[in-house]
$ cat input.pdb   # PDB, C-alpha atoms
ATOM      1  CA  MET A   1     -72.766 -45.669  10.709  1.00  0.00           C
ATOM      2  CA  SER A   2     -73.596 -46.112  14.352  1.00  0.00           C
ATOM      3  CA  ARG A   3     -73.701 -43.314  16.853  1.00  0.00           C
ATOM      4  CA  ASN A   4     -70.767 -44.729  18.809  1.00  0.00           C
ATOM      5  CA  THR A   5     -68.635 -44.936  15.670  1.00  0.00           C
ATOM      6  CA  LYS A   6     -69.370 -41.311  14.844  1.00  0.00           C
ATOM      7  CA  GLN A   7     -68.407 -40.254  18.359  1.00  0.00           C
ATOM      8  CA  LEU A   8     -65.130 -42.107  18.084  1.00  0.00           C
ATOM      9  CA  ILE A   9     -64.322 -40.454  14.766  1.00  0.00           C
ATOM     10  CA  TYR A  10     -65.235 -36.996  16.060  1.00  0.00           C
ATOM     11  CA  GLY A  11     -63.252 -37.539  19.229  1.00  0.00           C
ATOM     12  CA  PHE A  12     -60.212 -38.781  17.366  1.00  0.00           C
ATOM     13  CA  SER A  13     -60.360 -35.818  14.984  1.00  0.00           C
ATOM     14  CA  TYR A  14     -60.641 -33.440  17.933  1.00  0.00           C
ATOM     15  CA  VAL A  15     -57.574 -34.948  19.559  1.00  0.00           C
ATOM     16  CA  ILE A  16     -55.579 -34.580  16.327  1.00  0.00           C
ATOM     17  CA  ILE A  17     -56.603 -30.944  15.859  1.00  0.00           C
ATOM     18  CA  VAL A  18     -55.794 -30.047  19.457  1.00  0.00           C
ATOM     19  CA  GLY A  19     -52.475 -31.862  19.190  1.00  0.00           C
ATOM     20  CA  LEU A  20     -51.520 -29.953  16.047  1.00  0.00           C
ATOM     21  CA  ILE A  21     -52.406 -26.653  17.694  1.00  0.00           C
ATOM     22  CA  LEU A  22     -50.330 -27.482  20.770  1.00  0.00           C
ATOM     23  CA  PHE A  23     -47.405 -28.622  18.557  1.00  0.00           C
ATOM     24  CA  LEU A  24     -47.427 -25.353  16.610  1.00  0.00           C
ATOM     25  CA  ILE A  25     -47.493 -23.380  19.845  1.00  0.00           C
ATOM     26  CA  LEU A  26     -44.916 -25.362  21.788  1.00  0.00           C
ATOM     27  CA  ALA A  27     -42.507 -26.553  19.048  1.00  0.00           C
ATOM     28  CA  PRO A  28     -40.545 -23.283  18.828  1.00  0.00           C
ATOM     29  CA  LYS A  29     -39.891 -23.462  22.559  1.00  0.00           C
ATOM     30  CA  PHE A  30     -38.189 -26.846  22.181  1.00  0.00           C
ATOM     31  CA  THR A  31     -36.244 -25.984  19.003  1.00  0.00           C
ATOM     32  CA  PRO A  32     -32.596 -25.226  19.857  1.00  0.00           C
ATOM     33  CA  ALA A  33     -31.541 -21.648  19.195  1.00  0.00           C
ATOM     34  CA  PRO A  34     -29.076 -21.202  16.301  1.00  0.00           C
ATOM     35  CA  SER A  35     -25.475 -21.508  17.456  1.00  0.00           C
ATOM     36  CA  CYS A  36     -21.928 -21.855  16.140  1.00  0.00           C
ATOM     37  CA  PHE A  37     -22.008 -25.578  16.914  1.00  0.00           C
ATOM     38  CA  ASP A  38     -25.276 -26.802  15.370  1.00  0.00           C
ATOM     39  CA  ASN A  39     -23.721 -27.965  12.075  1.00  0.00           C
ATOM     40  CA  ILE A  40     -26.086 -25.677  10.165  1.00  0.00           C
ATOM     41  CA  GLN A  41     -25.224 -22.580   8.150  1.00  0.00           C
ATOM     42  CA  ASN A  42     -27.491 -19.985   9.709  1.00  0.00           C
ATOM     43  CA  GLN A  43     -27.465 -16.712  11.691  1.00  0.00           C
ATOM     44  CA  GLY A  44     -25.430 -14.899   9.018  1.00  0.00           C
ATOM     45  CA  GLU A  45     -22.616 -17.457   8.844  1.00  0.00           C
ATOM     46  CA  THR A  46     -20.556 -17.543   5.640  1.00  0.00           C
ATOM     47  CA  GLY A  47     -19.885 -21.275   6.076  1.00  0.00           C
ATOM     48  CA  VAL A  48     -21.192 -24.062   8.287  1.00  0.00           C
ATOM     49  CA  ASP A  49     -20.616 -22.841  11.850  1.00  0.00           C
ATOM     50  CA  CYS A  50     -18.018 -20.290  10.741  1.00  0.00           C
ATOM     51  CA  GLY A  51     -17.932 -16.692   9.618  1.00  0.00           C
ATOM     52  CA  GLY A  52     -20.384 -13.994  10.665  1.00  0.00           C
ATOM     53  CA  PRO A  53     -20.846 -14.216  14.450  1.00  0.00           C
ATOM     54  CA  CYS A  54     -18.752 -17.426  14.615  1.00  0.00           C
ATOM     55  CA  ILE A  55     -15.042 -18.166  14.306  1.00  0.00           C
ATOM     56  CA  PRO A  56     -13.614 -17.079  10.919  1.00  0.00           C
ATOM     57  CA  CYS A  57     -13.820 -19.910   8.394  1.00  0.00           C
ATOM     58  CA  TYR A  58     -10.071 -19.755   7.646  1.00  0.00           C
ATOM     59  CA  LEU A  59      -9.366 -20.522  11.307  1.00  0.00           C
ATOM     60  CA  LYS A  60     -12.020 -23.218  11.642  1.00  0.00           C
ATOM     61  CA  ASN A  61     -10.696 -25.016   8.566  1.00  0.00           C
ATOM     62  CA  ALA A  62      -6.985 -24.574   9.353  1.00  0.00           C
ATOM     63  CA  LYS A  63      -4.963 -27.793   9.338  1.00  0.00           C
ATOM     64  CA  PRO A  64      -2.895 -28.335  12.503  1.00  0.00           C
ATOM     65  CA  LEU A  65       0.849 -27.837  12.397  1.00  0.00           C
ATOM     66  CA  GLY A  66       2.505 -31.203  11.814  1.00  0.00           C
ATOM     67  CA  MET A  67       5.894 -32.895  11.772  1.00  0.00           C
ATOM     68  CA  GLN A  68       7.568 -34.963   9.078  1.00  0.00           C
ATOM     69  CA  GLY A  69       8.894 -38.205  10.501  1.00  0.00           C
ATOM     70  CA  THR A  70      10.503 -38.444  13.920  1.00  0.00           C
ATOM     71  CA  PRO A  71      13.160 -36.079  15.284  1.00  0.00           C
ATOM     72  CA  GLN A  72      16.711 -36.960  14.297  1.00  0.00           C
ATOM     73  CA  ILE A  73      19.125 -37.198  17.229  1.00  0.00           C
ATOM     74  CA  PHE A  74      22.778 -36.175  17.012  1.00  0.00           C
ATOM     75  CA  LYS A  75      25.037 -36.051  20.051  1.00  0.00           C
ATOM     76  CA  THR A  76      28.623 -35.542  21.086  1.00  0.00           C
ATOM     77  CA  ALA A  77      29.279 -36.638  24.650  1.00  0.00           C
ATOM     78  CA  ASP A  78      32.761 -35.100  24.849  1.00  0.00           C
ATOM     79  CA  LEU A  79      31.274 -31.639  24.227  1.00  0.00           C
ATOM     80  CA  GLY A  80      28.201 -32.303  26.381  1.00  0.00           C
ATOM     81  CA  LYS A  81      25.691 -31.545  23.621  1.00  0.00           C
ATOM     82  CA  ALA A  82      22.750 -33.305  21.990  1.00  0.00           C
ATOM     83  CA  PHE A  83      20.744 -32.003  19.054  1.00  0.00           C
ATOM     84  CA  ALA A  84      17.222 -32.910  17.999  1.00  0.00           C
ATOM     85  CA  VAL A  85      16.401 -31.885  14.433  1.00  0.00           C
ATOM     86  CA  VAL A  86      12.647 -31.475  13.970  1.00  0.00           C
ATOM     87  CA  ASN A  87      10.978 -31.021  10.591  1.00  0.00           C
ATOM     88  CA  PHE A  88       7.845 -28.919  11.169  1.00  0.00           C
ATOM     89  CA  VAL A  89       5.374 -28.948   8.267  1.00  0.00           C
ATOM     90  CA  ASN A  90       2.671 -26.363   7.628  1.00  0.00           C
ATOM     91  CA  ALA A  91       0.094 -27.837   5.223  1.00  0.00           C
ATOM     92  CA  ASN A  92      -1.810 -24.527   5.024  1.00  0.00           C
ATOM     93  CA  VAL A  93      -0.707 -22.685   1.883  1.00  0.00           C
ATOM     94  CA  ASP A  94      -2.691 -19.579   2.859  1.00  0.00           C
ATOM     95  CA  LEU A  95      -1.932 -19.484   6.588  1.00  0.00           C
ATOM     96  CA  GLY A  96       1.212 -19.162   8.684  1.00  0.00           C
ATOM     97  CA  LEU A  97       2.325 -18.807  12.279  1.00  0.00           C
ATOM     98  CA  GLN A  98       4.365 -15.849  13.435  1.00  0.00           C
ATOM     99  CA  SER A  99       5.334 -17.891  16.486  1.00  0.00           C
ATOM    100  CA  PHE A 100       4.444 -21.250  18.022  1.00  0.00           C
ATOM    101  CA  PRO A 101       5.758 -22.739  21.295  1.00  0.00           C
ATOM    102  CA  TYR A 102       7.033 -26.292  21.610  1.00  0.00           C
ATOM    103  CA  SER A 103       8.682 -28.559  24.138  1.00  0.00           C
ATOM    104  CA  VAL A 104      11.221 -31.312  23.411  1.00  0.00           C
ATOM    105  CA  SER A 105      11.760 -34.104  25.930  1.00  0.00           C
ATOM    106  CA  PHE A 106      15.046 -36.001  25.592  1.00  0.00           C
ATOM    107  CA  SER A 107      14.999 -39.558  26.956  1.00  0.00           C
ATOM    108  CA  ASP A 108      17.106 -42.719  27.129  1.00  0.00           C
ATOM    109  CA  GLU A 109      16.344 -46.001  25.368  1.00  0.00           C
ATOM    110  CA  SER A 110      14.068 -47.055  28.255  1.00  0.00           C
ATOM    111  CA  GLY A 111      11.954 -43.914  27.906  1.00  0.00           C
ATOM    112  CA  ASN A 112      13.283 -42.254  31.052  1.00  0.00           C
ATOM    113  CA  SER A 113      13.398 -38.474  30.736  1.00  0.00           C
ATOM    114  CA  VAL A 114      16.871 -36.977  30.614  1.00  0.00           C
ATOM    115  CA  GLY A 115      15.959 -33.337  30.099  1.00  0.00           C
ATOM    116  CA  ILE A 116      13.414 -30.972  28.557  1.00  0.00           C
ATOM    117  CA  VAL A 117      14.017 -27.968  26.314  1.00  0.00           C
ATOM    118  CA  ASP A 118      11.297 -25.398  25.595  1.00  0.00           C
ATOM    119  CA  GLY A 119      11.452 -23.145  22.582  1.00  0.00           C
ATOM    120  CA  SER A 120       9.493 -21.336  19.910  1.00  0.00           C
ATOM    121  CA  SER A 121       9.692 -20.828  16.183  1.00  0.00           C
ATOM    122  CA  GLY A 122       7.628 -19.487  13.316  1.00  0.00           C
ATOM    123  CA  VAL A 123       6.520 -21.045  10.049  1.00  0.00           C
ATOM    124  CA  MET A 124       5.568 -19.487   6.718  1.00  0.00           C
ATOM    125  CA  PRO A 125       2.489 -20.504   4.695  1.00  0.00           C
ATOM    126  CA  GLY A 126       3.097 -23.915   3.127  1.00  0.00           C
ATOM    127  CA  GLU A 127       6.604 -24.151   4.612  1.00  0.00           C
ATOM    128  CA  SER A 128       8.522 -27.250   5.661  1.00  0.00           C
ATOM    129  CA  LYS A 129      11.060 -26.076   8.215  1.00  0.00           C
ATOM    130  CA  TYR A 130      13.946 -27.731  10.050  1.00  0.00           C
ATOM    131  CA  VAL A 131      14.463 -26.597  13.643  1.00  0.00           C
ATOM    132  CA  VAL A 132      17.524 -27.641  15.662  1.00  0.00           C
ATOM    133  CA  VAL A 133      16.890 -28.003  19.406  1.00  0.00           C
ATOM    134  CA  GLU A 134      20.047 -28.108  21.512  1.00  0.00           C
ATOM    135  CA  TYR A 135      20.410 -29.785  24.910  1.00  0.00           C
ATOM    136  CA  ASP A 136      23.474 -29.271  27.115  1.00  0.00           C
ATOM    137  CA  GLY A 137      24.449 -31.752  29.807  1.00  0.00           C
ATOM    138  CA  ALA A 138      27.177 -33.842  31.385  1.00  0.00           C
ATOM    139  CA  SER A 139      28.889 -36.301  29.055  1.00  0.00           C
ATOM    140  CA  ASP A 140      27.435 -39.362  30.819  1.00  0.00           C
ATOM    141  CA  VAL A 141      23.917 -37.881  30.524  1.00  0.00           C
ATOM    142  CA  ILE A 142      24.370 -36.984  26.862  1.00  0.00           C
ATOM    143  CA  GLY A 143      25.563 -40.505  26.147  1.00  0.00           C
ATOM    144  CA  LYS A 144      22.256 -41.959  27.381  1.00  0.00           C
ATOM    145  CA  ILE A 145      20.043 -39.916  25.054  1.00  0.00           C
ATOM    146  CA  SER A 146      18.432 -41.958  22.289  1.00  0.00           C
ATOM    147  CA  ASN A 147      15.020 -40.371  21.740  1.00  0.00           C
ATOM    148  CA  ALA A 148      13.342 -36.992  21.559  1.00  0.00           C
ATOM    149  CA  GLU A 149       9.605 -36.352  21.817  1.00  0.00           C
ATOM    150  CA  VAL A 150       8.209 -33.068  20.534  1.00  0.00           C
ATOM    151  CA  ARG A 151       5.056 -31.562  22.009  1.00  0.00           C
ATOM    152  CA  LEU A 152       3.306 -28.530  20.573  1.00  0.00           C
ATOM    153  CA  LEU A 153       2.139 -26.392  23.478  1.00  0.00           C
ATOM    154  CA  GLY A 154      -0.815 -24.788  21.666  1.00  0.00           C
ATOM    155  CA  GLY A 155      -1.987 -21.219  21.878  1.00  0.00           C
ATOM    156  CA  GLU A 156      -0.661 -20.390  18.422  1.00  0.00           C
ATOM    157  CA  SER A 157      -2.625 -17.977  16.258  1.00  0.00           C
ATOM    158  CA  TRP A 158      -2.843 -18.596  12.514  1.00  0.00           C
ATOM    159  CA  THR A 159      -2.334 -15.569  10.285  1.00  0.00           C
ATOM    160  CA  ARG A 160      -3.410 -15.193   6.669  1.00  0.00           C
ATOM    161  CA  SER A 161      -0.703 -15.265   4.025  1.00  0.00           C
ATOM    162  CA  SER A 162      -1.601 -11.703   3.017  1.00  0.00           C
ATOM    163  CA  ASP A 163      -0.202 -10.616   6.397  1.00  0.00           C
ATOM    164  CA  PHE A 164       3.137 -12.336   5.739  1.00  0.00           C
ATOM    165  CA  LEU A 165       6.142 -11.056   3.858  1.00  0.00           C
ATOM    166  CA  VAL A 166       7.612 -14.262   2.476  1.00  0.00           C
ATOM    167  CA  PRO A 167      11.272 -13.639   1.573  1.00  0.00           C
ATOM    168  CA  SER A 168      13.165 -15.184  -1.316  1.00  0.00           C
ATOM    169  CA  LEU A 169      16.264 -16.811   0.187  1.00  0.00           C
ATOM    170  CA  SER A 170      18.861 -18.704  -1.830  1.00  0.00           C
ATOM    171  CA  LEU A 171      22.440 -19.981  -1.844  1.00  0.00           C
ATOM    172  CA  PRO A 172      24.217 -18.411  -4.833  1.00  0.00           C
ATOM    173  CA  THR A 173      27.527 -19.700  -3.481  1.00  0.00           C
ATOM    174  CA  GLY A 174      28.067 -22.955  -1.626  1.00  0.00           C
ATOM    175  CA  PRO A 175      27.540 -24.862   0.451  1.00  0.00           C
ATOM    176  CA  SER A 176      31.138 -25.951   0.658  1.00  0.00           C
ATOM    177  CA  LEU A 177      32.889 -28.145   3.177  1.00  0.00           C
ATOM    178  CA  SER A 178      36.406 -27.687   4.483  1.00  0.00           C
ATOM    179  CA  THR A 179      38.430 -29.235   7.291  1.00  0.00           C
ATOM    180  CA  THR A 180      40.918 -27.895   9.792  1.00  0.00           C
ATOM    181  CA  THR A 181      42.739 -29.532  12.668  1.00  0.00           C
ATOM    182  CA  ASN A 182      39.878 -29.088  15.132  1.00  0.00           C
ATOM    183  CA  ALA A 183      36.762 -28.514  13.051  1.00  0.00           C
ATOM    184  CA  ILE A 184      34.828 -29.245   9.908  1.00  0.00           C
ATOM    185  CA  GLN A 185      33.278 -26.133   8.435  1.00  0.00           C
ATOM    186  CA  VAL A 186      30.226 -25.828   6.203  1.00  0.00           C
ATOM    187  CA  SER A 187      30.130 -22.392   4.626  1.00  0.00           C
ATOM    188  CA  GLY A 188      28.421 -20.445   1.883  1.00  0.00           C
ATOM    189  CA  ILE A 189      26.625 -17.248   0.904  1.00  0.00           C
ATOM    190  CA  VAL A 190      22.960 -16.500   1.601  1.00  0.00           C
ATOM    191  CA  GLN A 191      21.177 -14.066  -0.695  1.00  0.00           C
ATOM    192  CA  ASN A 192      17.993 -12.174   0.082  1.00  0.00           C
ATOM    193  CA  GLY A 193      16.232 -11.713  -3.257  1.00  0.00           C
ATOM    194  CA  SER A 194      13.368  -9.778  -1.677  1.00  0.00           C
ATOM    195  CA  ALA A 195      12.606  -6.078  -1.809  1.00  0.00           C
ATOM    196  CA  PHE A 196      12.450  -6.023   1.999  1.00  0.00           C
ATOM    197  CA  SER A 197      14.879  -6.867   4.769  1.00  0.00           C
ATOM    198  CA  VAL A 198      14.698 -10.115   6.730  1.00  0.00           C
ATOM    199  CA  PRO A 199      15.183  -9.770  10.513  1.00  0.00           C
ATOM    200  CA  SER A 200      16.965 -13.138  10.742  1.00  0.00           C
ATOM    201  CA  VAL A 201      17.700 -16.260   8.724  1.00  0.00           C
ATOM    202  CA  ASP A 202      18.012 -19.727  10.245  1.00  0.00           C
ATOM    203  CA  VAL A 203      20.670 -21.873   8.563  1.00  0.00           C
ATOM    204  CA  VAL A 204      20.570 -25.636   9.202  1.00  0.00           C
ATOM    205  CA  ALA A 205      23.438 -27.693   7.794  1.00  0.00           C
ATOM    206  CA  PHE A 206      23.598 -31.481   7.481  1.00  0.00           C
ATOM    207  CA  ILE A 207      26.735 -33.490   6.836  1.00  0.00           C
ATOM    208  CA  LEU A 208      25.894 -36.644   4.893  1.00  0.00           C
ATOM    209  CA  ASP A 209      27.827 -39.823   4.225  1.00  0.00           C
ATOM    210  CA  LYS A 210      28.474 -41.017   0.675  1.00  0.00           C
ATOM    211  CA  TYR A 211      25.065 -42.722   0.655  1.00  0.00           C
ATOM    212  CA  GLY A 212      23.221 -39.536   1.604  1.00  0.00           C
ATOM    213  CA  ASN A 213      22.538 -40.520   5.205  1.00  0.00           C
ATOM    214  CA  PRO A 214      22.896 -37.700   7.779  1.00  0.00           C
ATOM    215  CA  ILE A 215      25.939 -38.028  10.029  1.00  0.00           C
ATOM    216  CA  PHE A 216      25.448 -34.848  11.995  1.00  0.00           C
ATOM    217  CA  ALA A 217      23.570 -31.529  11.919  1.00  0.00           C
ATOM    218  CA  GLY A 218      24.338 -28.020  13.086  1.00  0.00           C
ATOM    219  CA  HIS A 219      22.893 -24.566  12.757  1.00  0.00           C
ATOM    220  CA  THR A 220      23.572 -20.855  12.908  1.00  0.00           C
ATOM    221  CA  THR A 221      21.516 -17.656  12.608  1.00  0.00           C
ATOM    222  CA  LEU A 222      22.172 -14.640  10.409  1.00  0.00           C
ATOM    223  CA  ASN A 223      20.828 -11.369  11.731  1.00  0.00           C
ATOM    224  CA  SER A 224      19.264  -8.540   9.715  1.00  0.00           C
ATOM    225  CA  LEU A 225      19.750  -9.415   6.055  1.00  0.00           C
ATOM    226  CA  ALA A 226      18.903  -6.297   4.030  1.00  0.00           C
ATOM    227  CA  SER A 227      16.889  -6.337   0.812  1.00  0.00           C
ATOM    228  CA  PHE A 228      18.832  -7.813  -2.139  1.00  0.00           C
ATOM    229  CA  ALA A 229      21.847  -8.236   0.166  1.00  0.00           C
ATOM    230  CA  THR A 230      24.110 -11.243   0.713  1.00  0.00           C
ATOM    231  CA  SER A 231      25.785 -12.568   3.833  1.00  0.00           C
ATOM    232  CA  SER A 232      28.280 -15.343   4.455  1.00  0.00           C
ATOM    233  CA  PHE A 233      27.692 -18.104   6.987  1.00  0.00           C
ATOM    234  CA  SER A 234      29.704 -20.861   8.624  1.00  0.00           C
ATOM    235  CA  VAL A 235      28.557 -23.848  10.648  1.00  0.00           C
ATOM    236  CA  TYR A 236      31.292 -25.637  12.606  1.00  0.00           C
ATOM    237  CA  PHE A 237      31.461 -29.305  13.596  1.00  0.00           C
ATOM    238  CA  PRO A 238      34.173 -30.798  15.829  1.00  0.00           C
ATOM    239  CA  THR A 239      36.304 -33.328  13.949  1.00  0.00           C
ATOM    240  CA  SER A 240      35.984 -35.778  16.848  1.00  0.00           C
ATOM    241  CA  ILE A 241      32.405 -36.464  15.691  1.00  0.00           C
ATOM    242  CA  PHE A 242      33.651 -37.929  12.431  1.00  0.00           C
ATOM    243  CA  ALA A 243      36.315 -40.298  13.752  1.00  0.00           C
ATOM    244  CA  GLY A 244      36.616 -43.190  11.323  1.00  0.00           C
ATOM    245  CA  THR A 245      34.591 -41.399   8.628  1.00  0.00           C
ATOM    246  CA  ASP A 246      35.964 -40.981   5.140  1.00  0.00           C
ATOM    247  CA  LEU A 247      35.759 -37.188   5.021  1.00  0.00           C
ATOM    248  CA  ALA A 248      36.658 -37.145   1.341  1.00  0.00           C
ATOM    249  CA  ALA A 249      33.343 -38.860   0.591  1.00  0.00           C
ATOM    250  CA  VAL A 250      31.017 -36.790   2.807  1.00  0.00           C
ATOM    251  CA  LYS A 251      28.552 -34.282   1.408  1.00  0.00           C
ATOM    252  CA  THR A 252      26.689 -31.330   2.837  1.00  0.00           C
ATOM    253  CA  GLN A 253      23.155 -30.023   2.563  1.00  0.00           C
ATOM    254  CA  VAL A 254      21.841 -26.666   3.787  1.00  0.00           C
ATOM    255  CA  PHE A 255      18.301 -25.457   4.485  1.00  0.00           C
ATOM    256  CA  LEU A 256      17.306 -21.821   4.882  1.00  0.00           C
ATOM    257  CA  SER A 257      14.242 -20.352   6.568  1.00  0.00           C
ATOM    258  CA  PRO A 258      13.219 -16.962   7.962  1.00  0.00           C
ATOM    259  CA  GLY A 259      13.631 -16.656  11.718  1.00  0.00           C
ATOM    260  CA  GLU A 260      10.919 -15.537  14.098  1.00  0.00           C
TER
END

$ encode --input "input.pdb" --output "structure tokens"
Amino acid sequence: MSRNTKQLIYGFSYVIIVGLILFLILAPKFTPAPSCFDNIQNQGETGVDCGGPCIPCYLKNAKPLGMQGTPQIFKTADLGKAFAVVNFVNANVDLGLQSFPYSVSFSDESGNSVGIVDGSSGVMPGESKYVVVEYDGASDVIGKISNAEVRLLGGESWTRSSDFLVPSLSLPTGPSLSTTTNAIQVSGIVQNGSAFSVPSVDVVAFILDKYGNPIFAGHTTLNSLASFATSSFSVYFPTSIFAGTDLAAVKTQVFLSPGE
């Protein structure tokens, strides 16, 4: 082996050794510090980027509050009222929301805004809940409404199911439908089968045609239903809404949910 070849080998080896030493010294300085966003389970986390010093895993993995279908619109221009019925769906069986804010924008068929209603509601773990949003306006304005867009305003805080008291609500009697000269009435009895009182109960009633299609919807709220107690309810609809409808063939359907 020639002298020049040996020098090249020695020099190359020297460069490699020096490079390894520098890498071992400098590498830690260029390695990112552990964080809650590095997609690695480290620094005492109980899951990847959650638990320990990071956001609790049940919050990180929570599914967003959703809606089933599009809002159903019911309106009566002569009374100056429009109703948007929204079906909120909570896909988290172990999480609920004590309260969440929303905004509903009513618009005409061209997409022009007619009015906006802000509100809030709550949802139990795994619950599918109907919420009726009411808009009041002049008859000509109400007549233009054809769409409703729901926007969740954010800022809600998920709570574990262990922090919820989920009541057992049922309809032991009803719903029944009756008519008078000026109104159609959906009535019944709500029973609280829980060992604790419920601050309020939201009652949403649909009137359906003989094919099961919704004709109109209304709602009422029962306040302070004691443990194992019952309370009657009535939801009224003006008869003018059902002009030309065969009332003998209509049906009714009622949904119950705890209020906020």

$ resolve_selection --input "input.pdb" --expression "the PyMOL selection byres ((chain A and resi 118) around 10)" --output "number ranges by chain"
A: 101-105, 116-117, 119-120, 133, 150-153

$ residues_around --input "input.pdb" --residues "A:Lys129" --least-positions-apart "5" --cutoff "8 Å" --atoms "all atoms listed in the file" --output "list in words"
Asn87, Phe88, Val89, Val123 and Ser257 of chain A

$ closest_atom_pairs --input "input.pdb" --of "stretch 126-198 of chain A" --to "stretch 242-256 of chain A" --cutoff "12 Å" --atoms "all atoms listed in the file" --output "JSON lines"
{"residue": "A:Glu127", "atom": "CA", "partner": "A:Leu256", "partner_atom": "CA", "distance": 11.0}
{"residue": "A:Ser128", "atom": "CA", "partner": "A:Phe255", "partner_atom": "CA", "distance": 10.0}
{"residue": "A:Lys129", "atom": "CA", "partner": "A:Phe255", "partner_atom": "CA", "distance": 8.2}
{"residue": "A:Tyr130", "atom": "CA", "partner": "A:Phe255", "partner_atom": "CA", "distance": 7.4}
{"residue": "A:Val131", "atom": "CA", "partner": "A:Phe255", "partner_atom": "CA", "distance": 10.0}
{"residue": "A:Val132", "atom": "CA", "partner": "A:Phe255", "partner_atom": "CA", "distance": 11.4}
{"residue": "A:Pro167", "atom": "CA", "partner": "A:Leu256", "partner_atom": "CA", "distance": 10.7}
{"residue": "A:Ser168", "atom": "CA", "partner": "A:Leu256", "partner_atom": "CA", "distance": 10.0}
{"residue": "A:Leu169", "atom": "CA", "partner": "A:Leu256", "partner_atom": "CA", "distance": 6.9}
{"residue": "A:Ser170", "atom": "CA", "partner": "A:Leu256", "partner_atom": "CA", "distance": 7.6}
{"residue": "A:Leu171", "atom": "CA", "partner": "A:Leu256", "partner_atom": "CA", "distance": 8.7}
{"residue": "A:Thr173", "atom": "CA", "partner": "A:Val254", "partner_atom": "CA", "distance": 11.6}
{"residue": "A:Gly174", "atom": "CA", "partner": "A:Val254", "partner_atom": "CA", "distance": 9.0}
{"residue": "A:Pro175", "atom": "CA", "partner": "A:Val254", "partner_atom": "CA", "distance": 6.8}
{"residue": "A:Ser176", "atom": "CA", "partner": "A:Thr252", "partner_atom": "CA", "distance": 7.3}
{"residue": "A:Leu177", "atom": "CA", "partner": "A:Thr252", "partner_atom": "CA", "distance": 7.0}
{"residue": "A:Ser178", "atom": "CA", "partner": "A:Leu247", "partner_atom": "CA", "distance": 9.5}
{"residue": "A:Thr179", "atom": "CA", "partner": "A:Leu247", "partner_atom": "CA", "distance": 8.7}
{"residue": "A:Thr180", "atom": "CA", "partner": "A:Leu247", "partner_atom": "CA", "distance": 11.7}
{"residue": "A:Asn182", "atom": "CA", "partner": "A:Phe242", "partner_atom": "CA", "distance": 11.1}
{"residue": "A:Ala183", "atom": "CA", "partner": "A:Phe242", "partner_atom": "CA", "distance": 9.9}
{"residue": "A:Ile184", "atom": "CA", "partner": "A:Phe242", "partner_atom": "CA", "distance": 9.1}
{"residue": "A:Gln185", "atom": "CA", "partner": "A:Thr252", "partner_atom": "CA", "distance": 10.1}
{"residue": "A:Val186", "atom": "CA", "partner": "A:Thr252", "partner_atom": "CA", "distance": 7.4}
{"residue": "A:Ser187", "atom": "CA", "partner": "A:Val254", "partner_atom": "CA", "distance": 9.4}
{"residue": "A:Gly188", "atom": "CA", "partner": "A:Val254", "partner_atom": "CA", "distance": 9.3}
{"residue": "A:Ile189", "atom": "CA", "partner": "A:Val254", "partner_atom": "CA", "distance": 10.9}
{"residue": "A:Val190", "atom": "CA", "partner": "A:Leu256", "partner_atom": "CA", "distance": 8.4}
{"residue": "A:Gln191", "atom": "CA", "partner": "A:Leu256", "partner_atom": "CA", "distance": 10.3}
{"residue": "A:Asn192", "atom": "CA", "partner": "A:Leu256", "partner_atom": "CA", "distance": 10.8}

$ atom_distance --input "input.pdb" --atom1 "atom CA of A:Ala205" --atom2 "atom CA of A:Pro71"
15.2 Å

$ atom_distance --input "input.pdb" --atom1 "atom CA of A:Trp158" --atom2 "atom CA of A:Asn223"
24.8 Å

$ residues_around --input "input.pdb" --residues "A:Ala217" --least-positions-apart "3" --cutoff "7 Å" --atoms "all atoms listed in the file" --output "list in words"
Phe74, Ala205, Phe206 and Ile207 of chain A

$ resolve_selection --input "input.pdb" --expression "the PyMOL selection byres ((chain A and resi 161) around 8)" --output "list in words"
Val93, Asp94, Leu95, Gly96, Pro125, Thr159, Arg160, Ser162, Asp163 and Phe164 of chain A

$ build_atoms --input "input.pdb" --residues "stretch 248-255 of chain A" --atoms "N, CA and C atoms" --output "tab-separated table (two decimals), in the frame of the given file"
chain	number	residue	atom	x	y	z
A	248	ALA	N	36.59	-37.48	2.76
A	248	ALA	CA	36.66	-37.15	1.34
A	248	ALA	C	35.36	-37.50	0.63
A	249	ALA	N	34.57	-38.39	1.24
A	249	ALA	CA	33.34	-38.86	0.59
A	249	ALA	C	32.09	-38.18	1.13
A	250	VAL	N	32.22	-37.39	2.21
A	250	VAL	CA	31.02	-36.79	2.81
A	250	VAL	C	30.50	-35.64	1.95
A	251	LYS	N	29.21	-35.37	2.12
A	251	LYS	CA	28.55	-34.28	1.41
A	251	LYS	C	27.90	-33.36	2.42
A	252	THR	N	27.38	-32.25	1.94
A	252	THR	CA	26.69	-31.33	2.84
A	252	THR	C	25.41	-30.83	2.18
A	253	GLN	N	24.45	-30.53	3.02
A	253	GLN	CA	23.16	-30.02	2.56
A	253	GLN	C	22.70	-28.93	3.52
A	254	VAL	N	22.21	-27.83	2.98
A	254	VAL	CA	21.84	-26.67	3.79
A	254	VAL	C	20.40	-26.27	3.51
A	255	PHE	N	19.68	-25.93	4.59
A	255	PHE	CA	18.30	-25.46	4.49
A	255	PHE	C	18.21	-24.08	5.10
